[in-house]
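Containing TSV, C-alpha atoms and all ligand atoms: final25.tsv.
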```tsv
chain	number	residue	atom	x	y	z
S	1	MET	CA	132.65	49.76	184.78
S	2	GLN	CA	134.65	52.57	186.10
S	3	LEU	CA	136.35	52.89	182.79
S	4	ASN	CA	133.10	52.92	180.81
S	5	ASN	CA	131.65	55.64	182.95
S	6	LYS	CA	134.70	57.69	182.42
S	7	ARG	CA	134.44	57.15	178.68
S	8	MET	CA	130.86	58.30	178.71
S	9	GLU	CA	131.63	61.40	180.75
S	10	GLN	CA	134.39	62.16	178.28
S	11	LEU	CA	132.05	61.94	175.31
S	12	LYS	CA	129.46	64.10	177.03
S	13	SER	CA	131.95	66.81	177.79
S	14	ASP	CA	133.25	66.50	174.22
S	15	LEU	CA	129.76	67.19	172.97
S	16	LYS	CA	129.42	70.19	175.27
S	17	SER	CA	132.59	71.80	174.09
S	18	LEU	CA	131.82	70.92	170.45
S	19	LYS	CA	128.55	72.76	170.81
S	20	VAL	CA	130.24	75.91	172.11
S	21	GLU	CA	132.95	75.74	169.48
S	22	ALA	CA	130.69	75.02	166.54
S	23	LYS	CA	128.16	77.69	167.52
S	24	LEU	CA	130.90	80.26	167.65
S	25	GLU	CA	132.29	79.23	164.27
S	26	ILE	CA	128.87	79.38	162.66
S	27	GLU	CA	128.34	82.86	164.01
S	28	LYS	CA	131.73	83.95	162.79
S	29	ALA	CA	131.39	82.47	159.27
S	30	GLU	CA	131.20	85.46	156.92
S	31	ASP	CA	130.31	83.70	153.72
S	32	LEU	CA	128.83	80.52	152.29
S	33	ALA	CA	132.21	78.92	151.68
S	34	LYS	CA	133.17	79.35	155.35
S	35	LEU	CA	129.83	78.00	156.44
S	36	ASN	CA	130.31	74.93	154.29
S	37	GLN	CA	133.68	74.38	155.90
S	38	VAL	CA	132.10	74.51	159.35
S	39	PHE	CA	129.47	72.04	158.22
S	40	LYS	CA	132.11	69.68	156.99
S	41	LYS	CA	134.19	70.01	160.14
S	42	TYR	CA	131.35	69.07	162.48
S	43	LEU	CA	128.66	67.34	160.51
S	44	GLY	CA	130.52	65.96	157.51
S	45	LYS	CA	131.39	62.28	157.03
S	46	GLU	CA	134.65	62.78	158.88
S	47	GLY	CA	133.21	65.45	161.15
S	48	GLU	CA	133.47	65.74	164.92
S	49	ILE	CA	129.89	64.87	165.70
S	50	THR	CA	129.96	61.96	163.32
S	51	ARG	CA	133.03	60.77	165.11
S	52	VAL	CA	131.23	60.88	168.46
S	53	LEU	CA	128.27	58.97	167.03
S	54	ARG	CA	130.57	56.32	165.65
S	55	SER	CA	132.38	55.79	168.89
S	56	LEU	CA	129.13	55.07	170.72
S	57	GLY	CA	129.69	51.40	170.01
S	58	SER	CA	132.48	51.38	172.58
S	59	ILE	CA	130.26	52.22	175.56
S	60	PRO	CA	127.62	50.04	177.25
S	61	LYS	CA	124.08	49.96	175.97
S	62	GLN	CA	122.32	51.83	178.77
S	63	ASN	CA	124.62	54.82	178.35
S	64	ARG	CA	124.77	54.59	174.61
S	65	MET	CA	121.15	55.74	174.31
S	66	LYS	CA	121.69	58.79	176.44
S	67	VAL	CA	124.84	60.00	174.74
S	68	GLY	CA	123.40	59.09	171.34
S	69	ARG	CA	120.37	61.22	171.99
S	70	GLU	CA	122.52	64.14	173.05
S	71	ALA	CA	124.75	63.78	170.01
S	72	ASN	CA	121.72	63.69	167.71
S	73	GLU	CA	120.23	66.70	169.40
S	74	LEU	CA	123.44	68.60	168.87
S	75	LYS	CA	123.53	67.48	165.27
S	76	ASN	CA	120.00	68.80	164.65
S	77	PHE	CA	120.77	71.98	166.54
S	78	LEU	CA	123.84	72.73	164.41
S	79	GLU	CA	122.11	71.86	161.18
S	80	LYS	CA	119.36	74.29	162.03
S	81	LYS	CA	121.85	77.03	162.92
S	82	ILE	CA	123.69	76.53	159.65
S	83	GLU	CA	120.46	76.66	157.64
S	84	GLU	CA	119.43	79.86	159.39
S	85	LYS	CA	122.75	81.47	158.70
S	86	LYS	CA	122.56	80.38	155.06
S	87	SER	CA	119.16	81.95	154.49
S	88	SER	CA	120.32	85.15	156.19
S	89	PHE	CA	123.13	85.28	153.58
S	90	VAL	CA	120.66	84.88	150.74
S	91	LYS	CA	118.42	87.57	152.22
S	92	THR	CA	121.18	90.14	152.48
S	93	MET	CA	122.29	89.30	148.95
S	94	GLU	CA	118.78	89.81	147.65
S	95	ASN	CA	118.62	93.15	149.38
S	96	ARG	CA	121.68	94.33	147.55
S	97	LYS	CA	120.57	96.29	144.50
S	98	ASP	CA	123.13	94.76	142.19
S	99	TRP	CA	122.37	91.22	143.21
S	100	LEU	CA	121.43	89.05	140.31
S	101	ASP	CA	119.97	85.60	140.66
S	102	VAL	CA	121.25	83.92	137.54
S	103	THR	CA	119.16	80.85	138.21
S	104	LEU	CA	115.84	82.69	137.73
S	105	PRO	CA	114.08	82.04	134.42
S	106	GLY	CA	114.58	85.00	132.05
S	107	LYS	CA	111.93	87.62	131.40
S	108	LYS	CA	110.45	87.36	127.92
S	109	PRO	CA	110.71	90.67	126.07
S	110	VAL	CA	107.27	91.93	125.10
S	111	LEU	CA	107.00	91.68	121.34
S	112	GLY	CA	104.56	93.87	119.49
S	113	HIS	CA	102.79	92.95	116.29
S	114	LEU	CA	101.18	94.73	113.40
S	115	HIS	CA	97.94	96.58	114.01
S	116	PRO	CA	94.91	94.73	112.54
S	117	LEU	CA	94.37	97.62	110.09
S	118	THR	CA	97.96	97.34	108.91
S	119	GLN	CA	97.59	93.57	108.52
S	120	VAL	CA	94.46	94.08	106.45
S	121	ARG	CA	96.10	96.77	104.32
S	122	LYS	CA	99.10	94.57	103.61
S	123	LYS	CA	96.89	91.68	102.64
S	124	THR	CA	94.85	93.91	100.31
S	125	GLU	CA	97.98	95.28	98.65
S	126	GLU	CA	99.34	91.78	98.20
S	127	ILE	CA	96.17	90.50	96.54
S	128	PHE	CA	95.87	93.40	94.09
S	129	GLN	CA	99.56	93.29	93.29
S	130	MET	CA	99.16	89.64	92.35
S	131	MET	CA	96.40	90.72	89.97
S	132	GLY	CA	98.72	93.23	88.30
S	133	PHE	CA	97.75	96.42	90.14
S	134	SER	CA	100.32	99.03	91.17
S	135	VAL	CA	100.18	100.35	94.73
S	136	VAL	CA	100.54	104.14	94.93
S	137	GLU	CA	100.01	106.85	97.53
S	138	GLY	CA	98.60	110.34	97.51
S	139	PRO	CA	98.56	113.37	99.84
S	140	GLU	CA	96.30	113.45	102.91
S	141	ILE	CA	96.05	117.24	102.60
S	142	GLU	CA	94.21	117.91	99.38
S	143	ASN	CA	92.82	120.92	97.57
S	144	GLU	CA	89.25	121.39	96.44
S	145	TRP	CA	90.09	120.70	92.83
S	146	TYR	CA	91.25	117.13	93.29
S	147	ASN	CA	88.93	116.28	96.18
S	148	PHE	CA	85.80	117.71	94.48
S	149	ASP	CA	85.90	119.66	91.20
S	150	ALA	CA	87.97	117.27	89.14
S	151	LEU	CA	85.68	114.50	90.35
S	152	ASN	CA	82.70	116.21	88.77
S	153	ILE	CA	81.43	117.66	92.04
S	154	PRO	CA	80.77	121.35	91.31
S	155	LYS	CA	81.00	123.98	94.05
S	156	ASP	CA	77.28	124.42	94.61
S	157	HIS	CA	76.34	120.81	94.07
S	158	PRO	CA	74.50	119.22	97.00
S	159	ALA	CA	76.64	116.16	96.48
S	160	ARG	CA	79.38	117.99	98.38
S	161	ASP	CA	77.28	117.50	101.47
S	162	LEU	CA	77.91	113.79	101.12
S	163	TRP	CA	81.40	114.38	102.36
S	164	ASP	CA	81.49	116.42	105.55
S	165	THR	CA	84.81	118.05	105.16
S	166	PHE	CA	87.51	119.26	107.54
S	167	TYR	CA	88.80	122.46	105.96
S	168	LEU	CA	92.24	123.64	107.03
S	169	LYS	CA	93.03	127.21	107.93
S	170	LEU	CA	95.64	127.29	105.22
S	171	LYS	CA	95.71	129.13	101.92
S	172	ASP	CA	93.45	128.02	99.05
S	173	ARG	CA	90.91	126.26	101.26
S	174	GLN	CA	93.01	123.17	101.62
S	175	LEU	CA	91.32	120.26	103.31
S	176	LEU	CA	91.84	116.79	104.72
S	177	ARG	CA	90.89	114.47	101.89
S	178	THR	CA	87.45	112.99	102.46
S	179	HIS	CA	88.18	110.02	100.21
S	180	THR	CA	91.01	108.51	98.19
S	181	SER	CA	89.25	109.22	94.88
S	182	PRO	CA	91.33	112.38	94.13
S	183	ASN	CA	94.09	109.94	93.27
S	184	GLN	CA	92.16	108.65	90.28
S	185	VAL	CA	92.75	112.04	88.67
S	186	ARG	CA	96.28	112.45	90.01
S	187	TYR	CA	97.24	109.07	88.61
S	188	MET	CA	95.59	109.44	85.21
S	189	GLU	CA	97.28	112.81	84.73
S	190	LYS	CA	100.63	111.10	84.93
S	191	HIS	CA	99.99	107.65	83.47
S	192	GLN	CA	98.74	106.60	80.10
S	193	PRO	CA	96.19	103.71	80.02
S	194	PRO	CA	95.87	100.80	80.09
S	195	LEU	CA	96.33	101.09	83.83
S	196	ARG	CA	95.53	99.29	87.05
S	197	MET	CA	96.28	100.75	90.44
S	198	ILE	CA	95.18	100.94	94.07
S	199	VAL	CA	95.71	103.73	96.60
S	200	PRO	CA	95.52	102.81	100.29
S	201	GLY	CA	95.32	105.68	102.77
S	202	ASN	CA	93.63	107.58	105.57
S	203	VAL	CA	90.63	109.78	104.85
S	204	PHE	CA	88.84	112.17	107.19
S	205	ARG	CA	85.21	113.10	107.65
S	206	HIS	CA	83.59	115.58	109.94
S	207	GLU	CA	80.90	113.32	111.26
S	208	ALA	CA	79.47	111.79	114.40
S	209	THR	CA	80.87	108.41	115.33
S	210	ASP	CA	78.96	105.23	116.03
S	211	PHE	CA	79.39	101.45	115.67
S	212	ARG	CA	80.04	101.76	111.95
S	213	HIS	CA	81.33	105.32	111.53
S	214	GLU	CA	84.59	106.97	112.43
S	215	PHE	CA	85.88	110.43	111.49
S	216	GLN	CA	89.11	108.89	110.33
S	217	LEU	CA	88.86	105.94	107.98
S	218	PHE	CA	91.19	103.80	106.01
S	219	GLN	CA	90.22	103.50	102.37
S	220	VAL	CA	91.60	101.69	99.38
S	221	GLU	CA	90.89	103.29	96.05
S	222	GLY	CA	91.03	101.11	92.96
S	223	LEU	CA	91.12	102.11	89.31
S	224	MET	CA	91.31	100.13	86.11
S	225	VAL	CA	91.25	101.80	82.70
S	226	ASP	CA	91.44	100.14	79.31
S	227	LYS	CA	89.56	99.91	76.01
S	228	ASP	CA	86.98	97.27	76.87
S	229	ILE	CA	86.21	97.57	80.52
S	230	SER	CA	82.80	96.64	81.84
S	231	VAL	CA	80.82	95.97	85.02
S	232	PRO	CA	81.13	92.14	84.76
S	233	ASN	CA	84.87	92.61	84.55
S	234	PHE	CA	84.68	94.66	87.76
S	235	LYS	CA	82.54	92.04	89.49
S	236	ALA	CA	85.03	89.33	88.62
S	237	ILE	CA	87.95	91.23	90.11
S	238	ILE	CA	86.04	92.11	93.29
S	239	GLY	CA	84.85	88.51	93.67
S	240	GLU	CA	88.41	87.29	93.38
S	241	PHE	CA	89.57	89.88	95.88
S	242	PHE	CA	86.94	88.78	98.43
S	243	ARG	CA	87.82	85.13	97.92
S	244	ARG	CA	91.49	85.72	98.59
S	245	PHE	CA	90.93	88.24	101.35
S	246	PHE	CA	88.49	86.18	103.42
S	247	GLU	CA	89.94	82.88	102.25
S	248	LYS	CA	86.45	81.59	101.52
S	249	GLU	CA	83.46	82.30	99.32
S	250	VAL	CA	81.51	85.31	100.63
S	251	GLN	CA	78.26	86.68	99.30
S	252	PHE	CA	78.29	90.24	98.02
S	253	ARG	CA	75.88	92.36	96.03
S	254	LEU	CA	75.97	95.50	93.90
S	255	ARG	CA	73.12	97.96	94.25
S	256	PRO	CA	72.56	101.20	92.34
S	257	ASP	CA	73.97	104.20	94.17
S	258	PHE	CA	75.02	107.72	93.31
S	259	PHE	CA	78.49	109.20	93.03
S	260	PRO	CA	79.13	112.23	90.80
S	261	PHE	CA	82.36	110.71	89.48
S	262	THR	CA	80.96	107.36	88.36
S	263	GLU	CA	78.12	106.46	86.03
S	264	PRO	CA	76.53	104.06	86.67
S	265	SER	CA	77.40	103.93	90.36
S	266	PHE	CA	76.81	101.19	92.90
S	267	ASP	CA	77.50	100.28	96.44
S	268	ILE	CA	79.00	96.94	97.32
S	269	SER	CA	77.63	95.17	100.36
S	270	MET	CA	78.60	91.81	101.73
S	271	THR	CA	76.93	89.38	104.10
S	272	CYS	CA	77.81	90.46	107.61
S	273	LEU	CA	80.36	87.94	108.85
S	274	VAL	CA	80.04	89.09	112.46
S	275	CYS	CA	76.51	87.62	112.68
S	276	LYS	CA	76.57	85.48	109.49
S	277	GLY	CA	73.73	87.58	108.10
S	278	ARG	CA	71.43	87.19	111.10
S	279	GLY	CA	71.61	90.89	111.99
S	280	CYS	CA	73.74	92.62	114.64
S	281	SER	CA	75.04	96.05	115.67
S	282	ALA	CA	77.81	95.92	113.04
S	283	CYS	CA	75.31	95.62	110.17
S	284	LYS	CA	72.49	97.64	111.70
S	285	LYS	CA	70.47	94.44	112.02
S	286	THR	CA	70.20	94.05	108.23
S	287	GLY	CA	72.62	91.16	107.75
S	288	TRP	CA	74.50	93.20	105.12
S	289	LEU	CA	77.36	95.66	105.45
S	290	GLU	CA	78.31	98.27	102.88
S	291	VAL	CA	82.02	97.94	102.29
S	292	ALA	CA	82.65	100.00	99.15
S	293	GLY	CA	81.36	102.54	96.69
S	294	ALA	CA	82.11	101.95	93.04
S	295	GLY	CA	81.14	102.57	89.46
S	296	MET	CA	82.23	103.19	85.88
S	297	VAL	CA	84.49	106.23	85.59
S	298	HIS	CA	82.47	109.32	84.57
S	299	PRO	CA	83.45	110.90	81.22
S	300	ASN	CA	84.07	114.24	82.95
S	301	VAL	CA	86.65	112.64	85.22
S	302	PHE	CA	88.50	111.33	82.17
S	303	LYS	CA	88.36	114.79	80.65
S	304	ASN	CA	89.62	116.44	83.84
S	305	SER	CA	92.52	114.00	83.86
S	306	GLY	CA	93.43	114.74	80.23
S	307	LEU	CA	92.09	111.48	78.77
S	308	ASP	CA	89.58	111.07	75.95
S	309	PRO	CA	86.38	109.49	77.32
S	310	LYS	CA	85.54	108.17	73.86
S	311	GLU	CA	88.74	106.23	73.76
S	312	TRP	CA	88.87	104.86	77.30
S	313	LYS	CA	86.59	103.00	79.70
S	314	GLY	CA	87.25	102.27	83.33
S	315	TRP	CA	85.89	101.40	86.71
S	316	ALA	CA	86.81	102.63	90.15
S	317	PHE	CA	86.06	101.56	93.69
S	318	GLY	CA	86.69	102.85	97.19
S	319	PHE	CA	86.79	100.18	99.88
S	320	GLY	CA	86.49	100.99	103.57
S	321	LEU	CA	89.30	98.96	104.97
S	322	ASP	CA	88.10	99.40	108.54
S	323	ARG	CA	84.92	97.63	107.56
S	324	LEU	CA	86.78	94.82	105.87
S	325	ALA	CA	88.81	94.45	109.06
S	326	MET	CA	85.57	94.30	111.05
S	327	MET	CA	84.32	91.51	108.82
S	328	LYS	CA	87.56	89.59	108.77
S	329	TYR	CA	88.08	89.68	112.53
S	330	LYS	CA	84.41	89.82	113.57
S	331	ILE	CA	84.70	93.21	115.30
S	332	ASN	CA	81.30	94.69	116.10
S	333	ASP	CA	82.40	98.29	116.79
S	334	ILE	CA	84.58	100.22	114.34
S	335	ARG	CA	85.75	102.59	117.09
S	336	LEU	CA	87.75	99.81	118.76
S	337	LEU	CA	90.22	99.87	115.88
S	338	ARG	CA	91.65	103.25	116.81
S	339	SER	CA	91.01	103.04	120.56
S	340	GLY	CA	94.60	102.06	121.30
S	341	ASP	CA	93.22	99.59	123.85
S	342	LEU	CA	95.83	96.86	124.23
S	343	ARG	CA	93.28	94.35	125.51
S	344	PHE	CA	91.63	94.67	122.12
S	345	LEU	CA	94.80	94.80	120.02
S	346	GLN	CA	96.46	91.82	121.66
S	347	GLN	CA	93.81	89.54	120.19
S	348	PHE	CA	95.19	89.86	116.67
O	1	LIG	N1	85.01	107.90	97.10
O	1	LIG	C1	83.76	107.27	97.41
O	1	LIG	C2	83.50	107.41	98.90
O	1	LIG	O1	84.40	107.70	99.63
O	1	LIG	C3	83.79	105.81	97.03
O	1	LIG	C4	83.93	105.59	95.57
O	1	LIG	C5	85.18	105.40	95.03
O	1	LIG	C6	82.82	105.53	94.77
O	1	LIG	C7	85.33	105.16	93.67
O	1	LIG	C8	82.95	105.32	93.41
O	1	LIG	C9	84.18	105.12	92.89
O	1	LIG	O2	82.39	107.23	99.37
```

Represent the supplied structure as structure tokens.
Amino acid sequence: MQLNNKRMEQLKSDLKSLKVEAKLEIEKAEDLAKLNQVFKKYLGKEGEITRVLRSLGSIPKQNRMKVGREANELKNFLEKKIEEKKSSFVKTMENRKDWLDVTLPGKKPVLGHLHPLTQVRKKTEEIFQMMGFSVVEGPEIENEWYNFDALNIPKDHPARDLWDTFYLKLKDRQLLRTHTSPNQVRYMEKHQPPLRMIVPGNVFRHEATDFRHEFQLFQVEGLMVDKDISVPNFKAIIGEFFRRFFEKEVQFRLRPDFFPFTEPSFDISMTCLVCKGRGCSACKKTGWLEVAGAGMVHPNVFKNSGLDPKEWKGWAFGFGLDRLAMMKYKINDIRLLRSGDLRFLQQF
């Protein structure tokens, strides 16, 4: 009995001094590796505390409980201390500017994508190229000859009012082209028919903006010249273009219109795809949206381009690409396209 009591007292004092020792070592540990060593020394499989717990079997039951409880308390106490110290390490590491947690999932780089107008332009170019059309470009700063005169729009003709023009304070009354049609003349001056071409590009108009109007537009001019060119031929090409562009059958109609550089002239409207023809802000509640002007090339335009109107026939069109984009993506306000609003753009 005497001996057992002594044994118990021994274990208790062991625990006391282990506590002091271990606490000190935990405090002193300056990195994780050291801390792990301390853990192993006291709480590991072969550790001091474990040793005390194991030797409990050698003392009588009534004392065993008491010492066991103390040993377990010490064990919990040290575990807690070690955890605390560990998290303080992590905290100070995180506070260091150059600290890098390599276990964090990586940040995805933000990838941009093509603007809806660019997507629509590319698609249009692709379709016409497949039908044998060349894609060409022309200047955004034009002169009055190409923008108006050569297109059969004389100086005093009221038709000039159709295109509200931005004139530049440069020599020779240069201007921002109001349409891509000047390129009909530019192209025919340099190329001998038969010819087929399109000209995509920005055009500018001095006008108030609303749901369907912008002062900067994206047009695609088209021109086909050959011996036997007719309106049905034009309709077939446009129908095919719509089919491939919208990837389905869409209804469109030609109605008589007036342009000085085409005769006869017509406008092309299509069923509004935003409201499926029911009527909405995009189509001014009519169910139809004008998407292009077109017609058979006027003899004077041939003449002004150096071609004989008796020899050649042709048709031309000018599509508003913004409007095609509105139809394709069901956008009910043309102004969104150039708003630069990422919430809008990220949808495409
Ligand atoms: N240039 C005309 C416009 O901008 C459209 C058009 C092009 C009409 C070609 C006829 C032929 O309104």

Best match for closeness to ligand LIG 1 (chain O) among S:Arg243, S:His179, S:His191, S:Arg323, counting all atoms listed in the file: S:His179

- request: Can you pull out every residue within 6 Å of Asp257 of chain S, counting only C-alpha atoms, but drop anything in the same chain fewer than 5 positions away, and send it as a VMD selection string?
  value: chain S and resid 265 to 267

Which residues of chain S have any atom within 8 Å of an atom in ligand LIG 1 (chain O) when counting all atoms listed in the file, and what is the closest pair of atoms for each, with the distance in Å to one decimal? Order the rows by chain and rising number and write it as JSON lines.
```
{"residue": "S:Trp163", "atom": "CA", "partner": "O:LIG1", "partner_atom": "O2", "distance": 7.8}
{"residue": "S:Thr178", "atom": "CA", "partner": "O:LIG1", "partner_atom": "O1", "distance": 6.7}
{"residue": "S:His179", "atom": "CA", "partner": "O:LIG1", "partner_atom": "O1", "distance": 4.5}
{"residue": "S:Thr180", "atom": "CA", "partner": "O:LIG1", "partner_atom": "N1", "distance": 6.1}
{"residue": "S:Ser181", "atom": "CA", "partner": "O:LIG1", "partner_atom": "N1", "distance": 5.0}
{"residue": "S:Gln219", "atom": "CA", "partner": "O:LIG1", "partner_atom": "O1", "distance": 7.7}
{"residue": "S:Glu221", "atom": "CA", "partner": "O:LIG1", "partner_atom": "C5", "distance": 6.2}
{"residue": "S:Gly222", "atom": "CA", "partner": "O:LIG1", "partner_atom": "C7", "distance": 7.0}
{"residue": "S:Leu223", "atom": "CA", "partner": "O:LIG1", "partner_atom": "C7", "distance": 7.9}
{"residue": "S:Phe259", "atom": "CA", "partner": "O:LIG1", "partner_atom": "C8", "distance": 5.9}
{"residue": "S:Phe261", "atom": "CA", "partner": "O:LIG1", "partner_atom": "C8", "distance": 6.7}
{"residue": "S:Thr262", "atom": "CA", "partner": "O:LIG1", "partner_atom": "C8", "distance": 5.8}
{"residue": "S:Ser265", "atom": "CA", "partner": "O:LIG1", "partner_atom": "C8", "distance": 6.5}
{"residue": "S:Phe266", "atom": "CA", "partner": "O:LIG1", "partner_atom": "C8", "distance": 7.4}
{"residue": "S:Asp267", "atom": "CA", "partner": "O:LIG1", "partner_atom": "C6", "distance": 7.7}
{"residue": "S:Ala292", "atom": "CA", "partner": "O:LIG1", "partner_atom": "C3", "distance": 6.3}
{"residue": "S:Gly293", "atom": "CA", "partner": "O:LIG1", "partner_atom": "C6", "distance": 3.8}
{"residue": "S:Ala294", "atom": "CA", "partner": "O:LIG1", "partner_atom": "C8", "distance": 3.5}
{"residue": "S:Gly295", "atom": "CA", "partner": "O:LIG1", "partner_atom": "C8", "distance": 5.1}
{"residue": "S:Met296", "atom": "CA", "partner": "O:LIG1", "partner_atom": "C9", "distance": 7.5}
{"residue": "S:Val297", "atom": "CA", "partner": "O:LIG1", "partner_atom": "C9", "distance": 7.4}
{"residue": "S:Trp315", "atom": "CA", "partner": "O:LIG1", "partner_atom": "C9", "distance": 7.4}
{"residue": "S:Ala316", "atom": "CA", "partner": "O:LIG1", "partner_atom": "C9", "distance": 4.5}
{"residue": "S:Phe317", "atom": "CA", "partner": "O:LIG1", "partner_atom": "C7", "distance": 3.7}
{"residue": "S:Gly318", "atom": "CA", "partner": "O:LIG1", "partner_atom": "C5", "distance": 3.7}
{"residue": "S:Phe319", "atom": "CA", "partner": "O:LIG1", "partner_atom": "C3", "distance": 7.0}
```

message: Residues within 10 Å of segment 144-161 of chain S, please, as a ChimeraX atom specification. Count all atoms listed in the file; anything in the same chain fewer than 3 positions from it doesn't count.
response: /S:141,164-165,167,172-186,258-262,297-305

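Going from atom CA of Asn332 of chain S to atom CA of Val250 of chain S covers 18.1 Å.
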
task: Go through S:Glu214, S:Leu170, S:Val110, S:Gln129 one by one, measure the shortest atom-to-atom distance of each to Arg196 of chain S using only C-alpha atoms, and give the residue with the smallest value.
output: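 Of S:Glu214, S:Leu170, S:Val110, S:Gln129, the one nearest Arg196 of chain S is S:Gln129, counting only C-alpha atoms.
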
- prompt: Closest to Lys66 of chain S among S:Leu168, S:Ala22, S:Val102, S:Leu11, using all atoms listed in the file?
  reply: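 Using all atoms listed in the file, the shortest distance to Lys66 of chain S belongs to S:Leu11.
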
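Excluding segment 82-85 of chain S itself and same-chain residues fewer than 5 positions from it, the residues having an atom within 12 Å of it are S:Ala22, S:Lys23, S:Leu24, S:Glu25, S:Ile26, S:Glu27, S:Lys28, S:Ala29, S:Glu30, S:Asp31, S:Leu32, S:Ala33, S:Lys34, S:Leu35, S:Asn36, S:Gln37, S:Val38, S:Phe39, S:Lys40, S:Tyr42, S:Leu43, S:Lys75, S:Asn76, S:Phe77, S:Val90, S:Lys91, S:Thr92, counting all atoms listed in the file.
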
- request: Just give me the gap between atom CA of Val225 of chain S and atom CA of Val135 of chain S in Å, one decimal is fine.
  value: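 Atom CA of Val135 of chain S lies at a distance of 15.1 Å from atom CA of Val225 of chain S.
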
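Atom pair atom CA of Glu263 of chain S / atom CA of Phe241 of chain S: separated by 22.4 Å.
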
- prompt: Of the residues S:Glu207, S:Glu79, S:Glu240, S:Asp98, which is the one nearest to Phe128 of chain S, using all atoms listed in the file?
  reply: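 Ranking S:Glu207, S:Glu79, S:Glu240, S:Asp98 by distance to Phe128 of chain S, first place goes to S:Glu240.
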
message: Excluding segment 272-287 of chain S and its own-chain neighbours fewer than 6 positions away, which residues fall within 7 Å of it when counting only C-alpha atoms? Please give them as an MDAnalysis selection string.
response: chainID S and resid 211:212 327 330:333

Using the selection just defined, write its residues with C-alpha atoms as a PDB file, keeping the file's coordinate frame.
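Saved file part.pdb follows:
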```
ATOM      1  CA  PHE S 211      79.390 101.450 115.670  1.00  0.00           C
ATOM      2  CA  ARG S 212      80.040 101.760 111.950  1.00  0.00           C
ATOM      3  CA  MET S 327      84.320  91.510 108.820  1.00  0.00           C
ATOM      4  CA  LYS S 330      84.410  89.820 113.570  1.00  0.00           C
ATOM      5  CA  ILE S 331      84.700  93.210 115.300  1.00  0.00           C
ATOM      6  CA  ASN S 332      81.300  94.690 116.100  1.00  0.00           C
ATOM      7  CA  ASP S 333      82.400  98.290 116.790  1.00  0.00           C
TER       8      ASP S 333
END
```

field: Selected residue of minimal separation from Met224 of chain S among S:Gly314, S:Leu254, S:Asp308, S:Leu114, counting all atoms listed in the file
entry: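 Looking at the shortest contact to Met224 of chain S, the residue is S:Gly314.
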
query: Which one is closest to Lys19 of chain S: S:Lys122, S:Arg335, S:Lys6, S:Lys81? Count only C-alpha atoms.
result: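 Among the listed residues, the smallest separation from Lys19 of chain S belongs to S:Lys81.
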
- prompt: Could you name the residues that touch Ser13 of chain S at 12 Å or less, counting all atoms listed in the file, but leaving out those on the same chain fewer than 5 positions away, as an MDAnalysis selection string?
  reply: chainID S and resid 6:8 18:20 52 67 70:71

Listed atoms of segment 85-104 of chain S boxed axis-aligned with 5 Å per side, centre + edges as lines of an AutoDock Vina configuration file:
```
center_x = 119.5
center_y = 88.3
center_z = 148.1
size_x = 17.3
size_y = 25.9
size_z = 31.2
```

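All polymer residues at most 7 Å from (73.7, 99.0, 102.8), using all atoms listed in the file, appear as S:Ser269, S:Trp288, S:Leu289, S:Glu290.
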